[in-house]
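One structure is given below, encoded as structure tokens.
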Amino acid sequence: MRWILLLCVGLSLAAHADLEYALKPRQIADDTWLLEGSTDNFAKANGGNIVNVAFIVTQAGVVVIDTGPSKRYGEALRQAIASVTAKPVIQVLLTHHHPDHALGNQAFKDVPIGALADTTRLLHEQGESMAENLYRMVGDWMRGTEVVLPTQVLEPGVRTFGNHDLRLVALTGHTGADLAILDQSTGVLFAGDLVFYQRALTTPNSPGLAAWLADIATLQGLPWTIVVPGHGPIATDAQPFEQMRDYLTWLDQLLRDGAAQGNDMSEMIRSPIPERFASVNLSRYELIRSVSHLYPRYEREQMQRVDGQSPLLRN
């Protein structure tokens, strides 16, 4: 009987070890560390670690940018921070409400968690369903994860943490409430999911591709030196912005032309993807999702009311 118990304990420990994120911070600028996730989709093999999370070690303490997809990730993030510095975490800044960026909040309940007001609203409205969906996709990596809402409302402007002045920029293109953060001390731009690089963008909450394109122009116009996308490799040139602008423009024109021609969704999801996006991971998968998210809007724009009024007019 004892050997059976020992075997069960051994198997349990092995399974627990298999669920270790083993995060390895990489320094990308003075005082600035990145934990780079995969550009793949959520899967049990990666535990949902598909996101770029960062932290800045300021003279006053550590500022964390996004907390990852689960309680377990958040705890691993705190361990990774402790491997770099003994300074305490003093602030969390959330770029937006999506689960891979905000479900690690549990591990940071002892410090202020700041977000735009609408980010908190969206996390309150959608957090439970997003967490349940991640449970289905990545399994035990999510065990014990609960939605923890931000405790602090962020406003656009400059906030100083020790020797780092962080410019908070409120935008809308990805979710309707998107925070970009420019460290004016180093030039590092944390773009959140307003920028995907070498990984196809996601559109479930986007207010529209025109708004997203305007945000890309705003971000590119900032005095950055390094761009940290929400997903994909960092860059010291404008390639992430150029790829985003190209992809968004192509997607917008594809959907606009399809609606004008009366194509249905099944036709749109089979649309050929330009060769220049061949290296962009998950392009077909995200095109299918984007058609389902966005195409009905383009179809409605093409509809004509029988009374001759604009389809955009309301009674």
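So you can find residues: chains in the structure tokens are A, B, ... in the order shown, residues in each start at 1, and ligands are numbered from 1 in order.
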- Residues of stretch 82-253 of chain A in alpha helix (DSSP H) according to DSSP, as JSON, numbers by chain? {"A": [82, 83, 84, 99, 100, 101, 102, 117, 118, 119, 120, 121, 122, 123, 124, 125, 126, 127, 128, 129, 130, 131, 132, 133, 134, 135, 136, 137, 138, 209, 210, 211, 212, 213, 214, 215, 216, 217, 218, 219, 220, 239, 240, 241, 242, 243, 244, 245, 246, 247, 248, 249, 250, 251, 252, 253]}
- Who sits within 9 Å of A:Lys109, only C-alpha atoms, same chain under 3 positions skipped, as JSON, numbers by chain: {"A": [105, 106, 112, 113, 148, 151]}
File dump, residues just selected, C-alpha atoms, as a CSV table (one decimal), in the first residue's frame:
chain,number,residue,atom,x,y,z
A,105,ASN,CA,-3.7,39.8,-11.2
A,106,GLN,CA,-4.3,37.5,-8.2
A,112,PRO,CA,-2.1,49.0,-6.8
A,113,ILE,CA,-3.4,47.5,-10.1
A,148,VAL,CA,-9.2,40.2,-9.8
A,151,THR,CA,-8.0,48.9,-8.0
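By only C-alpha atoms, and with residues fewer than 5 positions from stretch 292-295 of chain A along its chain excluded, the set lying at most 8 Å from it is Thr203, Pro204, Gly208, Leu255, Ala259 and Met265 of chain A.
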- Task: List every residue of stretch 29-237 of chain A that DSSP, applied to the backbone of this structure, assigns to strand (DSSP E), and report them as an MDAnalysis selection string.
- Result: chainID A and resid 29 32:35 53:58 61:65 89:93 113:115 152:153 157:161 164:171 178:183 188:196 226:231
- Message: Can you tell me which residues surround stretch 26-39 of chain A at a distance of at most 7 Å, considering only C-alpha atoms, apart from same-chain residues fewer than 4 positions away, and format the answer as a PyMOL selection string?
- Response: chain A and resi 49-58+186+199+231-232+281
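Proximity of A:Val111, A:Ile269, A:Leu77, A:Leu134 to A:Pro99, computed with only C-alpha atoms, is greatest for A:Leu134.
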- Fewer than 5 positions away in the same chain doesn't count, so skip those; otherwise give me all residues within 8 Å of stretch 84-98 of chain A, counting only C-alpha atoms, as a VMD selection string. chain A and resid 57 60 to 67 108 111 to 116 119 to 120 122 to 123 127 130 175 177 to 180 191 to 193
- Message: Using only C-alpha atoms for the distances, tell me which of A:Leu201, A:Leu19, A:Leu287, A:Ile234 is nearest to A:Arg143.
- Response: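 Ranked by minimum distance to A:Arg143, first place goes to A:Leu19.
The interatomic distance for the pair atom CA of A:Phe190 and atom CA of A:Asp246 works out to 20.5 Å.
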